[in-house]
Structure formats: C-alpha cells, structure tokens
>>> print(open('model.txt').read())   # compact mmCIF, N, CA and C atoms and all ligand atoms
# COMPACT_ATOMS: atom_id res chain seq x y z
N MET A 22 93.24 -23.15 100.43
CA MET A 22 93.29 -21.68 100.36
C MET A 22 94.72 -21.20 100.37
N SER A 23 95.03 -20.24 99.54
CA SER A 23 96.41 -19.78 99.49
C SER A 23 96.64 -18.69 100.53
N THR A 24 97.88 -18.59 100.96
CA THR A 24 98.22 -17.58 101.96
C THR A 24 98.50 -16.24 101.29
N ASP A 25 98.59 -15.20 102.11
CA ASP A 25 98.91 -13.87 101.58
C ASP A 25 100.24 -13.89 100.86
N LYS A 26 101.19 -14.66 101.42
CA LYS A 26 102.52 -14.69 100.82
C LYS A 26 102.48 -15.31 99.42
N GLN A 27 101.67 -16.38 99.29
CA GLN A 27 101.52 -17.00 97.97
C GLN A 27 100.83 -16.05 97.00
N ASP A 28 99.81 -15.34 97.50
CA ASP A 28 99.12 -14.38 96.64
C ASP A 28 100.07 -13.31 96.14
N LEU A 29 100.94 -12.84 97.03
CA LEU A 29 101.91 -11.82 96.65
C LEU A 29 102.86 -12.38 95.58
N GLY A 30 103.30 -13.61 95.79
CA GLY A 30 104.19 -14.25 94.81
C GLY A 30 103.52 -14.41 93.45
N ASP A 31 102.27 -14.84 93.47
CA ASP A 31 101.52 -15.00 92.21
C ASP A 31 101.39 -13.67 91.48
N MET A 32 101.09 -12.62 92.26
CA MET A 32 100.92 -11.30 91.67
C MET A 32 102.21 -10.87 90.99
N GLY A 33 103.36 -11.09 91.67
CA GLY A 33 104.65 -10.70 91.10
C GLY A 33 104.95 -11.44 89.80
N GLU A 34 104.67 -12.73 89.79
CA GLU A 34 104.94 -13.52 88.58
C GLU A 34 104.06 -13.05 87.42
N LYS A 35 102.79 -12.78 87.71
CA LYS A 35 101.89 -12.31 86.66
C LYS A 35 102.33 -10.95 86.13
N LEU A 36 102.79 -10.10 87.04
CA LEU A 36 103.23 -8.77 86.63
C LEU A 36 104.43 -8.86 85.68
N VAL A 37 105.39 -9.71 86.02
CA VAL A 37 106.55 -9.90 85.14
C VAL A 37 106.10 -10.41 83.77
N ALA A 38 105.19 -11.40 83.77
CA ALA A 38 104.72 -11.96 82.50
C ALA A 38 104.01 -10.90 81.65
N GLU A 39 103.27 -10.00 82.31
CA GLU A 39 102.50 -8.99 81.57
C GLU A 39 103.36 -7.83 81.07
N ARG A 40 104.31 -7.40 81.90
CA ARG A 40 104.98 -6.12 81.63
C ARG A 40 106.39 -6.24 81.08
N CYS A 41 107.06 -7.38 81.30
CA CYS A 41 108.48 -7.46 80.94
C CYS A 41 108.68 -8.16 79.61
N ALA A 42 109.54 -7.58 78.79
CA ALA A 42 109.95 -8.25 77.56
C ALA A 42 110.92 -9.37 77.93
N CYS A 43 111.00 -10.37 77.08
CA CYS A 43 111.97 -11.44 77.31
C CYS A 43 113.38 -10.87 77.16
N PRO A 44 114.23 -11.01 78.18
CA PRO A 44 115.58 -10.44 78.09
C PRO A 44 116.44 -11.09 77.00
N LYS A 45 116.08 -12.29 76.56
CA LYS A 45 116.91 -12.99 75.58
C LYS A 45 116.48 -12.68 74.14
N CYS A 46 115.20 -12.92 73.82
CA CYS A 46 114.76 -12.74 72.42
C CYS A 46 114.10 -11.37 72.20
N LYS A 47 113.90 -10.60 73.28
CA LYS A 47 113.39 -9.22 73.24
C LYS A 47 111.92 -9.10 72.87
N ARG A 48 111.22 -10.22 72.73
CA ARG A 48 109.79 -10.13 72.42
C ARG A 48 108.99 -9.75 73.65
N THR A 49 107.84 -9.16 73.43
CA THR A 49 106.97 -8.82 74.55
C THR A 49 105.84 -9.84 74.64
N ARG A 50 105.34 -9.99 75.84
CA ARG A 50 104.22 -10.89 76.14
C ARG A 50 104.48 -12.34 75.76
N THR A 51 105.75 -12.75 75.80
CA THR A 51 106.07 -14.16 75.57
C THR A 51 106.45 -14.87 76.86
N LEU A 52 106.67 -14.10 77.94
CA LEU A 52 106.99 -14.74 79.22
C LEU A 52 105.71 -15.31 79.83
N LYS A 53 105.74 -16.57 80.20
CA LYS A 53 104.56 -17.26 80.75
C LYS A 53 104.92 -17.82 82.13
N CYS A 54 103.93 -17.79 83.02
CA CYS A 54 104.14 -18.34 84.37
C CYS A 54 104.16 -19.86 84.31
N LEU A 55 105.13 -20.45 84.97
CA LEU A 55 105.21 -21.91 85.05
C LEU A 55 104.35 -22.41 86.22
N PRO A 56 103.96 -23.68 86.20
CA PRO A 56 103.17 -24.21 87.31
C PRO A 56 103.93 -24.13 88.63
N LYS A 57 103.19 -24.05 89.73
CA LYS A 57 103.77 -23.90 91.07
C LYS A 57 104.80 -24.98 91.41
N ASN A 58 104.54 -26.22 90.95
CA ASN A 58 105.43 -27.32 91.34
C ASN A 58 106.65 -27.44 90.43
N PHE A 59 106.82 -26.50 89.50
CA PHE A 59 107.99 -26.49 88.63
C PHE A 59 109.14 -25.88 89.43
N LYS A 60 110.20 -26.66 89.68
CA LYS A 60 111.12 -26.28 90.74
C LYS A 60 112.14 -25.19 90.40
N CYS A 61 112.72 -25.22 89.21
CA CYS A 61 113.91 -24.39 89.01
C CYS A 61 113.59 -22.97 88.56
N ALA A 62 112.40 -22.74 88.04
CA ALA A 62 112.11 -21.42 87.49
C ALA A 62 110.64 -21.09 87.63
N ASP A 63 110.30 -19.81 87.49
CA ASP A 63 108.92 -19.35 87.65
C ASP A 63 108.29 -18.88 86.35
N VAL A 64 109.14 -18.37 85.43
CA VAL A 64 108.60 -17.95 84.14
C VAL A 64 109.47 -18.54 83.01
N ILE A 65 108.82 -18.75 81.87
CA ILE A 65 109.52 -19.24 80.68
C ILE A 65 109.05 -18.43 79.48
N CYS A 66 109.95 -18.17 78.55
CA CYS A 66 109.57 -17.51 77.29
C CYS A 66 109.07 -18.58 76.33
N ASP A 67 107.84 -18.43 75.85
CA ASP A 67 107.31 -19.49 74.97
C ASP A 67 107.75 -19.31 73.52
N PHE A 68 108.65 -18.35 73.27
CA PHE A 68 109.28 -18.27 71.94
C PHE A 68 110.68 -18.88 71.96
N CYS A 69 111.52 -18.46 72.93
CA CYS A 69 112.93 -18.89 72.89
C CYS A 69 113.34 -19.84 74.01
N GLY A 70 112.46 -20.08 74.97
CA GLY A 70 112.78 -21.03 76.03
C GLY A 70 113.56 -20.46 77.19
N TYR A 71 113.78 -19.17 77.19
CA TYR A 71 114.47 -18.51 78.30
C TYR A 71 113.73 -18.77 79.63
N LEU A 72 114.49 -19.04 80.70
CA LEU A 72 113.91 -19.32 82.01
C LEU A 72 114.40 -18.30 83.03
N ALA A 73 113.53 -17.94 83.97
CA ALA A 73 113.96 -17.04 85.05
C ALA A 73 113.17 -17.34 86.31
N GLN A 74 113.76 -16.94 87.44
CA GLN A 74 113.06 -16.99 88.70
C GLN A 74 112.45 -15.61 88.99
N VAL A 75 111.36 -15.62 89.73
CA VAL A 75 110.72 -14.37 90.14
C VAL A 75 110.55 -14.41 91.66
N LYS A 76 111.01 -13.38 92.34
CA LYS A 76 110.77 -13.25 93.77
C LYS A 76 110.04 -11.95 94.02
N THR A 77 109.07 -11.99 94.92
CA THR A 77 108.29 -10.80 95.22
C THR A 77 108.40 -10.51 96.71
N ALA A 78 108.68 -9.26 97.05
CA ALA A 78 108.83 -8.88 98.45
C ALA A 78 108.03 -7.61 98.73
N SER A 79 107.46 -7.55 99.92
CA SER A 79 106.82 -6.31 100.36
C SER A 79 107.90 -5.29 100.66
N SER A 80 107.59 -4.03 100.37
CA SER A 80 108.60 -2.99 100.58
C SER A 80 107.92 -1.66 100.84
N ASP A 81 108.51 -0.85 101.68
CA ASP A 81 107.96 0.48 101.93
C ASP A 81 108.42 1.46 100.87
N CYS A 82 109.54 1.19 100.27
CA CYS A 82 110.13 2.12 99.31
C CYS A 82 110.59 1.37 98.07
N LEU A 83 109.99 1.73 96.93
CA LEU A 83 110.30 1.00 95.69
C LEU A 83 111.69 1.32 95.15
N ASP A 84 112.33 2.37 95.66
CA ASP A 84 113.65 2.77 95.17
C ASP A 84 114.79 2.00 95.84
N VAL A 85 114.46 1.28 96.90
CA VAL A 85 115.52 0.62 97.67
C VAL A 85 115.36 -0.90 97.64
N ILE A 86 116.38 -1.59 97.16
CA ILE A 86 116.35 -3.06 97.16
C ILE A 86 116.65 -3.55 98.58
N PRO A 87 115.80 -4.45 99.12
CA PRO A 87 116.07 -4.96 100.47
C PRO A 87 117.36 -5.78 100.51
N ASN A 88 118.01 -5.82 101.67
CA ASN A 88 119.26 -6.58 101.80
C ASN A 88 119.05 -8.07 101.63
N ARG A 89 117.92 -8.53 102.15
CA ARG A 89 117.66 -9.96 102.14
C ARG A 89 116.26 -10.24 101.63
N VAL A 90 116.15 -11.28 100.81
CA VAL A 90 114.86 -11.67 100.25
C VAL A 90 114.71 -13.17 100.47
N LEU A 91 113.53 -13.58 100.90
CA LEU A 91 113.28 -14.99 101.14
C LEU A 91 113.36 -15.79 99.84
N GLY A 92 114.14 -16.87 99.85
CA GLY A 92 114.30 -17.70 98.66
C GLY A 92 113.38 -18.90 98.69
N ALA A 93 113.90 -20.06 98.29
CA ALA A 93 113.08 -21.28 98.22
C ALA A 93 113.84 -22.41 98.92
N ALA A 94 113.73 -23.62 98.39
CA ALA A 94 114.38 -24.78 99.03
C ALA A 94 115.89 -24.75 98.78
N TRP A 95 116.64 -25.00 99.84
CA TRP A 95 118.09 -24.93 99.75
C TRP A 95 118.70 -26.12 98.99
N GLY A 96 118.18 -27.32 99.24
CA GLY A 96 118.78 -28.53 98.65
C GLY A 96 118.96 -28.43 97.13
N PRO A 97 117.87 -28.23 96.38
CA PRO A 97 118.00 -28.13 94.92
C PRO A 97 118.87 -26.95 94.49
N GLN A 98 118.79 -25.84 95.23
CA GLN A 98 119.59 -24.67 94.87
C GLN A 98 121.09 -24.99 95.00
N LYS A 99 121.45 -25.69 96.07
CA LYS A 99 122.85 -26.06 96.30
C LYS A 99 123.33 -27.00 95.19
N GLU A 100 122.50 -27.97 94.84
CA GLU A 100 122.88 -28.90 93.78
C GLU A 100 123.08 -28.17 92.45
N ARG A 101 122.19 -27.21 92.19
CA ARG A 101 122.30 -26.43 90.96
C ARG A 101 123.61 -25.65 90.94
N MET A 102 123.95 -25.05 92.08
CA MET A 102 125.20 -24.25 92.12
C MET A 102 126.41 -25.16 92.00
N ASN A 103 126.33 -26.36 92.58
CA ASN A 103 127.43 -27.32 92.41
C ASN A 103 127.64 -27.65 90.94
N ALA A 104 126.58 -27.56 90.17
CA ALA A 104 126.67 -27.80 88.72
C ALA A 104 126.87 -26.50 87.95
N SER A 105 127.16 -25.42 88.69
CA SER A 105 127.38 -24.10 88.07
C SER A 105 126.19 -23.59 87.27
N ILE A 106 125.00 -23.90 87.76
CA ILE A 106 123.78 -23.43 87.09
C ILE A 106 123.14 -22.31 87.91
N PHE A 107 122.97 -21.17 87.27
CA PHE A 107 122.29 -20.04 87.90
C PHE A 107 121.19 -19.56 86.97
N PHE A 108 120.10 -19.10 87.56
CA PHE A 108 119.01 -18.56 86.74
C PHE A 108 118.87 -17.06 86.98
N PRO A 109 118.54 -16.32 85.94
CA PRO A 109 118.28 -14.89 86.12
C PRO A 109 117.14 -14.69 87.11
N LEU A 110 117.15 -13.53 87.77
CA LEU A 110 116.16 -13.26 88.81
C LEU A 110 115.44 -11.93 88.55
N PHE A 111 114.11 -12.00 88.49
CA PHE A 111 113.29 -10.79 88.53
C PHE A 111 112.89 -10.58 89.99
N LEU A 112 113.18 -9.41 90.51
CA LEU A 112 112.78 -9.09 91.89
C LEU A 112 111.69 -8.02 91.84
N VAL A 113 110.49 -8.41 92.29
CA VAL A 113 109.36 -7.49 92.30
C VAL A 113 109.19 -6.94 93.71
N LEU A 114 109.18 -5.63 93.83
CA LEU A 114 108.90 -5.00 95.13
C LEU A 114 107.49 -4.44 95.09
N SER A 115 106.77 -4.63 96.19
CA SER A 115 105.37 -4.23 96.23
C SER A 115 105.09 -3.43 97.50
N THR A 116 104.49 -2.27 97.33
CA THR A 116 104.15 -1.46 98.52
C THR A 116 102.76 -1.78 99.04
N ASN A 117 101.87 -2.20 98.16
CA ASN A 117 100.46 -2.31 98.57
C ASN A 117 99.81 -3.61 98.13
N GLN A 118 100.64 -4.62 97.74
CA GLN A 118 100.12 -5.92 97.27
C GLN A 118 99.31 -5.80 95.98
N LYS A 119 99.38 -4.65 95.33
CA LYS A 119 98.65 -4.50 94.07
C LYS A 119 99.64 -4.16 92.97
N LYS A 120 99.22 -4.42 91.72
CA LYS A 120 100.13 -4.21 90.60
C LYS A 120 100.48 -2.73 90.43
N SER A 121 99.63 -1.86 90.95
CA SER A 121 99.88 -0.42 90.77
C SER A 121 101.08 0.06 91.58
N GLY A 122 101.37 -0.60 92.68
CA GLY A 122 102.46 -0.15 93.54
C GLY A 122 103.65 -1.06 93.51
N CYS A 123 104.22 -1.25 92.31
CA CYS A 123 105.31 -2.21 92.18
C CYS A 123 106.49 -1.65 91.42
N ALA A 124 107.66 -2.16 91.76
CA ALA A 124 108.86 -1.95 90.95
C ALA A 124 109.37 -3.33 90.55
N ILE A 125 110.01 -3.42 89.38
CA ILE A 125 110.61 -4.69 88.98
C ILE A 125 112.09 -4.48 88.71
N TYR A 126 112.91 -5.23 89.41
CA TYR A 126 114.36 -5.21 89.21
C TYR A 126 114.79 -6.53 88.59
N TYR A 127 115.95 -6.50 87.89
CA TYR A 127 116.44 -7.69 87.21
C TYR A 127 117.90 -7.91 87.55
N LEU A 128 118.23 -9.16 87.89
CA LEU A 128 119.62 -9.53 88.16
C LEU A 128 119.98 -10.68 87.24
N SER A 129 120.91 -10.45 86.32
CA SER A 129 121.25 -11.49 85.35
C SER A 129 122.00 -12.63 86.04
N ALA A 130 121.93 -13.80 85.44
CA ALA A 130 122.61 -14.97 86.01
C ALA A 130 124.13 -14.75 86.04
N ASP A 131 124.64 -14.07 85.04
CA ASP A 131 126.10 -13.86 84.94
C ASP A 131 126.66 -13.09 86.12
N LEU A 132 125.84 -12.26 86.74
CA LEU A 132 126.33 -11.39 87.80
C LEU A 132 126.02 -11.93 89.20
N GLN A 133 125.51 -13.16 89.26
CA GLN A 133 125.24 -13.77 90.56
C GLN A 133 126.46 -14.53 91.05
N THR A 134 126.63 -14.56 92.38
CA THR A 134 127.68 -15.36 92.98
C THR A 134 127.03 -16.36 93.93
N ALA A 135 127.74 -17.43 94.25
CA ALA A 135 127.18 -18.46 95.12
C ALA A 135 126.90 -17.90 96.51
N ASP A 136 127.68 -16.90 96.95
CA ASP A 136 127.52 -16.49 98.34
C ASP A 136 126.32 -15.57 98.59
N ILE A 137 125.55 -15.23 97.53
CA ILE A 137 124.30 -14.52 97.81
C ILE A 137 123.20 -15.50 98.24
N TYR A 138 123.45 -16.80 98.04
CA TYR A 138 122.47 -17.82 98.44
C TYR A 138 122.87 -18.34 99.82
N VAL A 139 122.14 -17.94 100.85
CA VAL A 139 122.52 -18.26 102.22
C VAL A 139 121.51 -19.24 102.82
N PRO A 140 121.98 -20.45 103.21
CA PRO A 140 121.05 -21.43 103.79
C PRO A 140 120.50 -20.96 105.12
N ARG A 141 119.25 -21.31 105.38
CA ARG A 141 118.64 -21.03 106.68
C ARG A 141 118.68 -22.31 107.51
N LYS A 142 118.37 -22.15 108.79
CA LYS A 142 118.32 -23.34 109.66
C LYS A 142 117.15 -24.23 109.23
N PRO A 143 117.34 -25.55 109.22
CA PRO A 143 116.21 -26.44 108.91
C PRO A 143 115.07 -26.20 109.89
N LEU A 144 113.83 -26.39 109.43
CA LEU A 144 112.67 -26.20 110.29
C LEU A 144 112.69 -27.21 111.44
N GLY A 145 112.25 -26.78 112.61
CA GLY A 145 112.30 -27.60 113.82
C GLY A 145 111.33 -28.77 113.79
N PRO A 146 111.43 -29.65 114.78
CA PRO A 146 110.63 -30.89 114.80
C PRO A 146 109.12 -30.65 114.86
N HIS A 147 108.71 -29.45 115.31
CA HIS A 147 107.27 -29.21 115.45
C HIS A 147 106.68 -28.47 114.25
N ALA A 148 107.53 -28.12 113.31
CA ALA A 148 107.03 -27.42 112.13
C ALA A 148 106.27 -28.39 111.23
N LYS A 149 105.36 -27.82 110.42
CA LYS A 149 104.57 -28.67 109.53
C LYS A 149 105.49 -29.41 108.54
N ARG A 150 106.50 -28.69 108.06
CA ARG A 150 107.47 -29.34 107.16
C ARG A 150 108.80 -29.51 107.90
N SER A 151 108.76 -30.27 108.97
CA SER A 151 109.93 -30.49 109.83
C SER A 151 111.13 -30.97 109.00
N GLY A 152 112.28 -30.35 109.24
CA GLY A 152 113.50 -30.77 108.53
C GLY A 152 113.73 -30.05 107.22
N TRP A 153 112.68 -29.40 106.69
CA TRP A 153 112.82 -28.68 105.42
C TRP A 153 113.77 -27.50 105.61
N GLN A 154 114.64 -27.28 104.64
CA GLN A 154 115.60 -26.19 104.76
C GLN A 154 115.47 -25.24 103.57
N GLY A 155 115.35 -23.98 103.88
CA GLY A 155 115.24 -22.97 102.83
C GLY A 155 116.51 -22.14 102.74
N PHE A 156 116.48 -21.14 101.87
CA PHE A 156 117.60 -20.20 101.79
C PHE A 156 117.07 -18.79 101.64
N ILE A 157 117.93 -17.83 101.91
CA ILE A 157 117.58 -16.45 101.59
C ILE A 157 118.59 -15.93 100.56
N TYR A 158 118.15 -14.98 99.78
CA TYR A 158 119.07 -14.21 98.93
C TYR A 158 119.60 -13.06 99.79
N ASP A 159 120.91 -13.01 100.01
CA ASP A 159 121.50 -11.84 100.65
C ASP A 159 122.20 -11.04 99.56
N VAL A 160 121.52 -9.98 99.11
CA VAL A 160 122.04 -9.21 97.98
C VAL A 160 122.65 -7.89 98.45
N SER A 161 122.92 -7.80 99.75
CA SER A 161 123.39 -6.51 100.30
C SER A 161 124.67 -6.02 99.63
N GLU A 162 125.53 -6.95 99.17
CA GLU A 162 126.80 -6.54 98.57
C GLU A 162 126.74 -6.34 97.06
N ILE A 163 125.62 -6.72 96.46
CA ILE A 163 125.59 -6.67 94.98
C ILE A 163 124.38 -5.90 94.45
N LYS A 164 123.87 -4.97 95.24
CA LYS A 164 122.68 -4.23 94.80
C LYS A 164 122.92 -3.43 93.51
N ASP A 165 124.17 -3.03 93.31
CA ASP A 165 124.46 -2.24 92.11
C ASP A 165 124.46 -3.09 90.84
N ARG A 166 124.26 -4.39 90.97
CA ARG A 166 124.19 -5.24 89.79
C ARG A 166 122.77 -5.41 89.28
N PHE A 167 121.79 -4.95 90.05
CA PHE A 167 120.40 -5.02 89.59
C PHE A 167 120.10 -3.88 88.63
N VAL A 168 119.23 -4.16 87.70
CA VAL A 168 118.74 -3.13 86.78
C VAL A 168 117.26 -2.94 87.05
N ARG A 169 116.84 -1.70 87.18
CA ARG A 169 115.40 -1.48 87.39
C ARG A 169 114.70 -1.41 86.04
N LEU A 170 113.70 -2.26 85.85
CA LEU A 170 112.96 -2.33 84.59
C LEU A 170 111.70 -1.47 84.64
N ILE A 171 111.02 -1.51 85.78
CA ILE A 171 109.75 -0.79 85.93
C ILE A 171 109.73 -0.10 87.27
ZN ZN B 201 112.44 -15.12 74.59
>>> encode(input="model.txt", output="structure tokens")
Amino acid sequence: MSTDKQDLGDMGEKLVAERCACPKCKRTRTLKCLPKNFKCADVICDFCGYLAQVKTASSDCLDVIPNRVLGAAWGPQKERMNASIFFPLFLVLSTNQKKSGCAIYYLSADLQTADIYVPRKPLGPHAKRSGWQGFIYDVSEIKDRFVRLI
C-alpha cells in the first residue's frame, strides 16, 4: 500500500505530464512519467528525450514557494553534482492533494547551484532504512529563479 506522501508525489508527476508542455521541444502531452525505480528523473519527453525531476509539496498558499522541499537520496545526487549534472525541476504545490488545487513552478537546470542541495542526517540505527541519507532542496535564496507555469 502506498503512503499519502507517495500518493501526493504520484499526483504531482501525473499533473506535470498532463498539463505541461515539454520545455525543450515545446510539444504538449509528450511528457511521460518514468517508473518509480528510475533514479535520476521522474518525467521524460517521448519525442525529444528531455528529462526532469518533479517534486510535490503540500502548501497552504500556492503563491509562495516553500523555503525547503524534501528531496531524494543524497548519494546519487552528490555523485551527479560531482559530474556537473543537474536536472530541471518541476515543483508542484498542492493545497488539497487534488489536481484542482495546484500550482506548478519550474526551475531550469542552468539556474541551479550545488548549495541548494543540502544533505540530511543519515537515518538512525532503528529506522527501517538505517543509514540511508537523503537531502532537501533549500531554495530560500533562489526563489526568484522559478517560473510559475500553472
Ligand atoms: Zn520534448
């Protein structure tokens, strides 16, 4: 059974695929959701191969980007940054967990810096995934680089 957080993430990815044109080739309805275990990206354009990450966060106000958004696994992200690889980010804000109450913001890869990716403490010995380390996006200093799409 999936958790509420996973459901929210799935909803955000589907919303991006349904409503957003591909930022690279400009076609509509070509963005497709990638499988859950696909590590580096969440959506791909099935015309031009463009890749992006999608993050979805609960929010009380769709006009305000939160300072911090929960990311994913730190290890692969760090390795990617060491190789100077960044992926564009769609940030979906949701007030009511439904598609009707959402905003979609976009942050291009070119405008990302390494210091928005902040490692979290590894999970403790009693956690289900003990030792696993995640990261958060701290976008508090770069909110003006996002573009609101929807
Ligand atoms: Zn495309």
>>> residues_around(input="model.txt", residues="Arg141 of chain A", least_positions_apart="2", cutoff="7 Å", atoms="all atoms listed in the file", output="list of chain:residue names")
A:Trp95, A:Val139, A:Pro143, A:Leu144, A:Gln154, A:Gly155, A:Phe156, A:Ile157
>>> residues_near_ligand(input="model.txt", ligand="ligand ZN 201 (chain B)", cutoff="10 Å", atoms="only C-alpha atoms and all ligand atoms", output="list in words")
Ala42, Cys43, Pro44, Lys45, Cys46, Lys47, Arg48, Thr49, Arg50, Thr51, Leu52, Ile65, Cys66, Asp67, Phe68, Cys69, Gly70, Tyr71 and Leu72 of chain A
>>> residues_around(input="model.txt", residues="Val160 of chain A", least_positions_apart="3", cutoff="8 Å", atoms="all atoms listed in the file", output="ChimeraX atom specification")
/A:86-90,136-138,157,163-165
>>> atom_distance(input="model.txt", atom1="atom N of Gly30 of chain A", atom2="atom CA of Leu55 of chain A")
13.7 Å
>>> select_by_dssp(input="model.txt", residues="segment 51-133 of chain A", states="helix (DSSP H, G or I)", output="PyMOL selection string")
chain A and resi 95-103+120-122+130-132
>>> closest_residue(input="model.txt", among="A:Thr24, A:Leu83, A:Ala73, A:Gly33", to="Lys119 of chain A", atoms="only N, CA and C atoms")
A:Gly33
>>> select_by_dssp(input="model.txt", residues="chain A", states="strand (DSSP E)", output="JSON, numbers by chain")
{"A": [52, 53, 54, 64, 65, 66, 72, 73, 74, 75, 76, 77, 78, 79, 89, 90, 91, 92, 93, 94, 110, 111, 112, 113, 114, 115, 123, 124, 125, 126, 127, 128, 138, 139, 140, 155, 156, 157, 158, 159, 168, 169]}
>>> closest_residue(input="model.txt", among="A:Ala148, A:Met102, A:Ala38, A:Met32", to="Gly122 of chain A", atoms="only C-alpha atoms")
A:Met32
>>> atom_distance(input="model.txt", atom1="atom CA of Arg169 of chain A", atom2="atom C of Tyr126 of chain A")
5.2 Å
>>> residues_around(input="model.txt", residues="Lys120 of chain A", least_positions_apart="2", cutoff="10 Å", atoms="only C-alpha atoms", output="list in words")
Leu29, Met32, Gly33, Lys35, Leu36, Val113, Leu114, Ser115, Thr116, Asn117, Gln118, Gly122, Cys123 and Ala124 of chain A
>>> closest_residue(input="model.txt", among="A:Ala62, A:Leu91, A:Cys41, A:Cys82", to="Tyr158 of chain A", atoms="only N, CA and C atoms")
A:Leu91
